Amino acid sequence: MSVDQRPADTPPSAEPAETAPSEGVPAQIKLVLGVLLVAAFVMILNETIMGVALPELMEQFSLTAATVQWLTTGFMLTMAVVIPMTGLILQRFTTRTVFIAAMTLFTVGTILAASAPVFGVLVAARVIQASGTAVMLPLLMTTVMTFVPADRRGRTIGFITIVIAVAPAIGPTFSGFILSQLTWHWMFLSVLPIAVLGLVLGALKIQNLGETRPVKFDLLSALLSAVAFGGLIYGLSSIGEAAAGAHTPVPPYAAISAGAVALALFVLRQLRLQRTDSALLDLRVFRSRSFTVGVVMLLVSMAALFGSLILLPMYLQNVLELTTFQTGLVVLPGGLAMGLTGPTVGRLYDKLGPRPLVIPGSFGVFGALALLTLLDQASPVWFVVVIHVLMSLSLSLLMTPLMTSSLGSLKMELYSHGSAVLTTLQQVAGAAGTAVFITLMTTGTKASLESGAEAVTATADGIHTAFLWGAGMAVIAVAAAFMVRKPAVDGQEPALAAH
């Protein structure tokens with residue numbers, strides 16, 4: 001889904017260009033974006049519903065925790081393999097073709113999961129679902145950046161924040177409610193009608209947007225990408241399990257090492273291929289200062305988000321002794337606040353630019369993580385809710401402006417690659433944040449146990465240690481926030497380096 005290239009020699013400007021207000025988003029684009037938003041929402045919701053169901057699946061299929069975890073690990077690894085290829089996919093195939101293929105894969109996977117007679121079929125179904133899910137968010141982001149006028153992108157990407165934030169927030173609560181009333185099959189049966197409706201609407205209403213171009217598929221790049229991002233995400237995700245003493249099929253540091261070597265080779269390969277515009281993932285996106293700074297801040301933000309999403313439920317259930325459903329209700333207000341403020345933050349971005357939003361947002365994330373270090377066995381639940389809402393609102397001030405300004409600093413022909421890079425690195429950052437927070441918590445818990453503390457107290461101490469280090473990580477985001485700026489002219493940022 002590429003478009004005509006712009007001239008590369010337009011003189012850069014240090015100040016935002018004054019542009020006349022646009023006439024709005026065409027009705028056809030609004031329709032396409034609406035269908036894409038609904039599809040992305042149901043896909044991300046599906047991605048987050050499995051965690052609560054794992055204990056029930058362990059019992060039904062007589063599996064160990066390590067084995068049943070492959071339902072989430074397999075999904076995550078498939079995403080890691082497919083997402084880096086979306087930059088090429090979105091240029092080579094039409095919008096309609098990509099959407100129908102993604103929704104068909106997701107729908108078939110959902111049907112297969114709902115009717116799975118054995119565990120192996122359920123794992124295969126999750127892999128098929130992930131293959132479709134991986135394409136949808138880059139497709140949505142690229143469509144917005146390509147066809148929505150620059151002065152309206154903030155509010156449009158704000159609606160994408162609803163998808164990114166609200167779906168994971170209600171996922172555990174939704175699945176917890178389903179499991180309290182029905183069997184695990186209904187987690188998939190309940191989203192199936194929406195998936196089918198999205199597929200039918202897309203097939204009937206979505207027209208081809210933009211133009212395609214015959215980009216060559218480089219098999220070596222695809223293989224290196226799979227090993228690199230698959231190895232890194234698997235290794236990072238396994239660190240917490242290994243630190244807790246659980247057996248992992250592949251040692252985490254072996255997977256990380258293999259992933260790092262493959263990543264280095266992948267980068268070298270892309271640098272060579274991009275000279276002829278045939279890279280699987282075009283790394284020229286990092287020549288934009290705004291894109292690079294935005295990526296750094298998004299990585300820190302995603303690490304903090306995923307790390308807290310892992311530790312807060314542990315704290316609520318293991319220290320405050322809440323049920324799974326109660327835990328979902330505690331974190332629900334934060335997720336809703338983050339998502340529902342997205343459009344408002346987007347409108348503010350369109351008027352003010354990113355800096356007045358990301359600076360207070362970064363301080364808010366730091367403050368929330370610092371407050372989380374105060375949690376102990378006697379902390380009231382309302383205090384946890386307030387802190388989580390503060391963090392969620394602060395992340396909302398970061399995510400919409402950073403995604404809009406970073407992608408907006410690229411040339412049009414790099415939008416699909418920029419979306420693929422952002423989505424890929426968000427997956428890596430989420431895995432890294434989870435790994436770091438879990439490892440720090442485990443280390444702190446062990447140290448507390450060895451000093452004679454009781455199990456609950458030791459868990460609280462470990463979580464305190466993890467959030468303390470998390471607050472330290474957030475300082476990076478605070479420093480980087482002062483470097484963020486609105487792209488001077490769309491796609492014409494001063495380059496970091498010329499190659």
# chains A, B, ... in the order shown; residues from 1 in each chain; ligands from 1
$ select_by_dssp --residues "segment 291-457 of chain A" --states "alpha helix (DSSP H)" --output "ChimeraX atom specification"
/A:291-314,324-340,342-352,355-372,381-408,415-450,455-457
$ write_last_selection --atoms "C-alpha atoms" --output "short mmCIF file (atom, residue, chain, number, x, y, z; two decimals), in the first residue's frame"
data_model
loop_
_atom_site.label_atom_id
_atom_site.label_comp_id
_atom_site.auth_asym_id
_atom_site.auth_seq_id
_atom_site.Cartn_x
_atom_site.Cartn_y
_atom_site.Cartn_z
CA PHE A 291 11.36 9.15 14.87
CA THR A 292 14.41 7.96 16.82
CA VAL A 293 13.63 10.03 19.92
CA GLY A 294 9.99 8.96 19.75
CA VAL A 295 10.96 5.30 19.50
CA VAL A 296 13.22 5.59 22.57
CA MET A 297 10.43 7.14 24.61
CA LEU A 298 7.86 4.64 23.39
CA LEU A 299 10.17 1.76 24.31
CA VAL A 300 10.57 3.05 27.86
CA SER A 301 6.81 3.70 28.10
CA MET A 302 5.89 0.23 26.83
CA ALA A 303 8.40 -1.40 29.18
CA ALA A 304 6.85 0.46 32.11
CA LEU A 305 3.31 -0.37 30.95
CA PHE A 306 3.87 -4.10 30.48
CA GLY A 307 6.03 -4.40 33.58
CA SER A 308 3.34 -2.80 35.73
CA LEU A 309 0.61 -4.87 34.06
CA ILE A 310 2.47 -7.99 35.18
CA LEU A 311 3.39 -6.89 38.70
CA LEU A 312 0.18 -5.14 39.77
CA PRO A 313 -1.99 -8.29 39.42
CA MET A 314 0.66 -10.25 41.34
CA THR A 324 -8.80 -12.67 39.65
CA PHE A 325 -12.08 -10.93 38.86
CA GLN A 326 -11.51 -8.30 41.57
CA THR A 327 -8.02 -7.71 40.20
CA GLY A 328 -9.47 -7.08 36.76
CA LEU A 329 -11.89 -4.54 38.21
CA VAL A 330 -9.05 -2.71 39.99
CA VAL A 331 -7.00 -2.20 36.81
CA LEU A 332 -10.03 -1.52 34.61
CA PRO A 333 -10.41 2.23 35.45
CA GLY A 334 -6.83 2.94 34.42
CA GLY A 335 -7.18 1.20 31.08
CA LEU A 336 -10.46 2.96 30.36
CA ALA A 337 -9.00 6.34 31.37
CA MET A 338 -6.02 5.82 29.08
CA GLY A 339 -8.10 4.80 26.11
CA LEU A 340 -10.98 7.25 26.45
CA GLY A 342 -6.83 9.29 23.61
CA PRO A 343 -8.97 11.38 21.20
CA THR A 344 -8.76 14.43 23.51
CA VAL A 345 -4.98 14.09 23.73
CA GLY A 346 -4.91 13.75 19.95
CA ARG A 347 -6.85 17.00 19.47
CA LEU A 348 -4.46 18.76 21.86
CA TYR A 349 -1.54 17.40 19.84
CA ASP A 350 -3.01 18.82 16.64
CA LYS A 351 -3.20 22.27 18.31
CA LEU A 352 -0.12 22.32 20.55
CA ARG A 355 6.15 18.72 23.76
CA PRO A 356 3.44 20.27 26.02
CA LEU A 357 1.98 16.77 26.34
CA VAL A 358 4.97 14.43 26.56
CA ILE A 359 6.86 16.45 29.19
CA PRO A 360 4.08 16.26 31.84
CA GLY A 361 3.34 12.71 30.67
CA SER A 362 6.90 11.56 31.31
CA PHE A 363 6.92 13.18 34.76
CA GLY A 364 3.59 11.49 35.47
CA VAL A 365 4.96 8.03 34.59
CA PHE A 366 7.97 8.66 36.82
CA GLY A 367 5.72 9.84 39.66
CA ALA A 368 3.37 6.85 39.34
CA LEU A 369 6.24 4.36 39.44
CA ALA A 370 7.69 6.17 42.45
CA LEU A 371 4.32 5.97 44.23
CA LEU A 372 4.09 2.25 43.43
CA VAL A 381 -7.17 -0.78 47.17
CA TRP A 382 -8.30 2.76 46.31
CA PHE A 383 -4.68 3.91 46.53
CA VAL A 384 -3.67 1.30 43.95
CA VAL A 385 -6.51 2.43 41.66
CA VAL A 386 -5.43 6.09 41.94
CA ILE A 387 -1.80 5.29 41.11
CA HIS A 388 -2.77 3.09 38.18
CA VAL A 389 -5.09 5.78 36.79
CA LEU A 390 -2.26 8.34 37.14
CA MET A 391 0.11 6.08 35.22
CA SER A 392 -2.49 5.35 32.56
CA LEU A 393 -3.33 9.02 32.01
CA SER A 394 0.38 9.83 31.84
CA LEU A 395 0.96 7.11 29.26
CA SER A 396 -1.95 8.51 27.26
CA LEU A 397 -0.14 11.86 27.16
CA LEU A 398 2.88 10.03 25.74
CA MET A 399 1.59 7.43 23.30
CA THR A 400 -0.61 9.45 20.92
CA PRO A 401 1.84 12.38 20.51
CA LEU A 402 4.87 10.09 20.17
CA MET A 403 3.28 7.81 17.57
CA THR A 404 1.97 10.78 15.58
CA SER A 405 5.15 12.87 15.64
CA SER A 406 7.54 9.98 15.04
CA LEU A 407 5.67 8.58 12.02
CA GLY A 408 4.82 12.08 10.77
CA TYR A 415 5.24 5.01 6.55
CA SER A 416 4.69 1.25 6.27
CA HIS A 417 8.25 0.53 7.40
CA GLY A 418 7.97 3.04 10.25
CA SER A 419 4.74 1.39 11.43
CA ALA A 420 6.38 -2.04 11.26
CA VAL A 421 9.43 -0.82 13.22
CA LEU A 422 7.27 0.80 15.91
CA THR A 423 5.06 -2.26 16.34
CA THR A 424 8.01 -4.67 16.34
CA LEU A 425 9.98 -2.70 18.91
CA GLN A 426 6.89 -2.30 21.10
CA GLN A 427 6.70 -6.10 21.25
CA VAL A 428 10.39 -6.29 22.19
CA ALA A 429 10.01 -3.51 24.77
CA GLY A 430 7.00 -5.23 26.32
CA ALA A 431 8.93 -8.48 26.65
CA ALA A 432 11.99 -6.65 27.98
CA GLY A 433 9.96 -4.68 30.51
CA THR A 434 8.25 -7.83 31.73
CA ALA A 435 11.59 -9.66 31.98
CA VAL A 436 13.30 -6.85 33.88
CA PHE A 437 10.43 -6.28 36.32
CA ILE A 438 9.90 -9.99 36.99
CA THR A 439 13.63 -10.64 37.45
CA LEU A 440 13.99 -7.72 39.84
CA MET A 441 10.90 -8.84 41.77
CA THR A 442 12.18 -12.42 42.00
CA THR A 443 15.62 -11.26 43.15
CA GLY A 444 14.12 -8.94 45.76
CA THR A 445 11.73 -11.64 47.00
CA LYS A 446 14.54 -14.18 47.40
CA ALA A 447 16.67 -11.69 49.31
CA SER A 448 13.77 -10.91 51.64
CA LEU A 449 13.03 -14.61 52.23
CA GLU A 450 16.68 -15.27 53.04
CA ALA A 455 6.23 -15.19 52.00
CA VAL A 456 3.68 -12.39 51.60
CA THR A 457 6.04 -9.78 53.02
#
$ residues_around --residues "Gln28 of chain A" --least-positions-apart "3" --cutoff "9 Å" --atoms "only C-alpha atoms" --output "JSON, numbers by chain"
{"A": [25, 31, 32, 33, 205, 206, 207]}
$ closest_atom_pairs --of "segment 32-116 of chain A" --to "segment 188-194 of chain A" --cutoff "12 Å" --atoms "only C-alpha atoms" --output "JSON lines"
{"residue": "A:Val35", "atom": "CA", "partner": "A:Ile194", "partner_atom": "CA", "distance": 10.9}
{"residue": "A:Val38", "atom": "CA", "partner": "A:Ile194", "partner_atom": "CA", "distance": 8.3}
{"residue": "A:Ala39", "atom": "CA", "partner": "A:Ile194", "partner_atom": "CA", "distance": 8.0}
{"residue": "A:Ala40", "atom": "CA", "partner": "A:Ile194", "partner_atom": "CA", "distance": 11.0}
{"residue": "A:Phe41", "atom": "CA", "partner": "A:Ile194", "partner_atom": "CA", "distance": 10.0}
{"residue": "A:Val42", "atom": "CA", "partner": "A:Val191", "partner_atom": "CA", "distance": 6.8}
{"residue": "A:Met43", "atom": "CA", "partner": "A:Val191", "partner_atom": "CA", "distance": 8.9}
{"residue": "A:Ile44", "atom": "CA", "partner": "A:Val191", "partner_atom": "CA", "distance": 11.1}
{"residue": "A:Leu45", "atom": "CA", "partner": "A:Val191", "partner_atom": "CA", "distance": 8.8}
{"residue": "A:Asn46", "atom": "CA", "partner": "A:Val191", "partner_atom": "CA", "distance": 7.6}
{"residue": "A:Glu47", "atom": "CA", "partner": "A:Phe188", "partner_atom": "CA", "distance": 10.8}
{"residue": "A:Thr48", "atom": "CA", "partner": "A:Phe188", "partner_atom": "CA", "distance": 11.9}
{"residue": "A:Ile49", "atom": "CA", "partner": "A:Phe188", "partner_atom": "CA", "distance": 9.3}
{"residue": "A:Met50", "atom": "CA", "partner": "A:Phe188", "partner_atom": "CA", "distance": 10.0}
{"residue": "A:Ala53", "atom": "CA", "partner": "A:Phe188", "partner_atom": "CA", "distance": 11.6}
{"residue": "A:Met103", "atom": "CA", "partner": "A:Ile194", "partner_atom": "CA", "distance": 10.7}
{"residue": "A:Thr104", "atom": "CA", "partner": "A:Leu192", "partner_atom": "CA", "distance": 11.4}
{"residue": "A:Phe106", "atom": "CA", "partner": "A:Leu192", "partner_atom": "CA", "distance": 9.3}
{"residue": "A:Thr107", "atom": "CA", "partner": "A:Leu192", "partner_atom": "CA", "distance": 6.8}
{"residue": "A:Val108", "atom": "CA", "partner": "A:Leu192", "partner_atom": "CA", "distance": 9.4}
{"residue": "A:Gly109", "atom": "CA", "partner": "A:Phe188", "partner_atom": "CA", "distance": 9.4}
{"residue": "A:Thr110", "atom": "CA", "partner": "A:Phe188", "partner_atom": "CA", "distance": 5.8}
{"residue": "A:Ile111", "atom": "CA", "partner": "A:Leu192", "partner_atom": "CA", "distance": 7.2}
{"residue": "A:Leu112", "atom": "CA", "partner": "A:Phe188", "partner_atom": "CA", "distance": 9.2}
{"residue": "A:Ala113", "atom": "CA", "partner": "A:Phe188", "partner_atom": "CA", "distance": 6.7}
{"residue": "A:Ala114", "atom": "CA", "partner": "A:Phe188", "partner_atom": "CA", "distance": 5.3}
{"residue": "A:Ser115", "atom": "CA", "partner": "A:Leu189", "partner_atom": "CA", "distance": 9.1}
{"residue": "A:Ala116", "atom": "CA", "partner": "A:Phe188", "partner_atom": "CA", "distance": 10.6}
$ write_last_selection --atoms "C-alpha atoms" --output "tab-separated table (two decimals), in the first residue's frame"
chain	number	residue	atom	x	y	z
A	35	VAL	CA	-13.68	-1.09	10.07
A	38	VAL	CA	-13.14	-2.51	15.16
A	39	ALA	CA	-11.01	-5.32	13.73
A	40	ALA	CA	-7.91	-4.21	15.65
A	41	PHE	CA	-9.93	-3.91	18.88
A	42	VAL	CA	-11.30	-7.45	18.74
A	43	MET	CA	-7.87	-8.82	17.78
A	44	ILE	CA	-6.04	-7.14	20.66
A	45	LEU	CA	-8.85	-8.12	23.05
A	46	ASN	CA	-8.36	-11.72	21.94
A	47	GLU	CA	-4.61	-11.41	22.52
A	48	THR	CA	-5.11	-10.55	26.20
A	49	ILE	CA	-7.85	-12.98	27.28
A	50	MET	CA	-5.77	-16.14	27.66
A	53	ALA	CA	-7.84	-19.09	31.45
A	103	MET	CA	-9.36	-11.11	9.07
A	104	THR	CA	-9.76	-14.49	7.38
A	106	PHE	CA	-8.08	-14.46	12.54
A	107	THR	CA	-11.61	-15.78	11.97
A	108	VAL	CA	-10.42	-19.26	10.96
A	109	GLY	CA	-8.13	-19.35	13.99
A	110	THR	CA	-10.99	-18.29	16.27
A	111	ILE	CA	-13.31	-21.00	14.92
A	112	LEU	CA	-10.55	-23.58	15.33
A	113	ALA	CA	-9.80	-22.42	18.88
A	114	ALA	CA	-13.46	-22.53	19.93
A	115	SER	CA	-13.81	-26.12	18.70
A	116	ALA	CA	-10.33	-27.39	19.62
$ atom_distance --atom1 "atom CA of Gly472 of chain A" --atom2 "atom CA of Thr72 of chain A"
29.1 Å
$ atom_distance --atom1 "atom CA of Ile89 of chain A" --atom2 "atom CA of Ala260 of chain A"
24.5 Å
$ atom_distance --atom1 "atom CA of Leu182 of chain A" --atom2 "atom CA of Leu122 of chain A"
17.9 Å
$ residues_around --residues "Leu414 of chain A" --least-positions-apart "6" --cutoff "9 Å" --atoms "only C-alpha atoms" --output "PyMOL selection string"
chain A and resi 2+87+282+284-285+407
$ closest_residue --among "A:Phe217, A:Leu199, A:Tyr234, A:Trp70" --to "Val123 of chain A" --atoms "only C-alpha atoms"
A:Trp70
$ residues_around --residues "Ile256 of chain A" --least-positions-apart "2" --cutoff "6 Å" --atoms "only C-alpha atoms" --output "PyMOL selection string"
chain A and resi 231-232+235+253-254+258-259
$ residues_around --residues "Ala279 of chain A" --least-positions-apart "2" --cutoff "9 Å" --atoms "only C-alpha atoms" --output "list in words"
Leu88, Val215, Lys216, Phe217, Asp218, Ser221, Arg269, Gln270, Leu271, Arg272, Leu273, Gln274, Arg275, Thr276, Asp277, Leu281, Asp282 and Leu283 of chain A
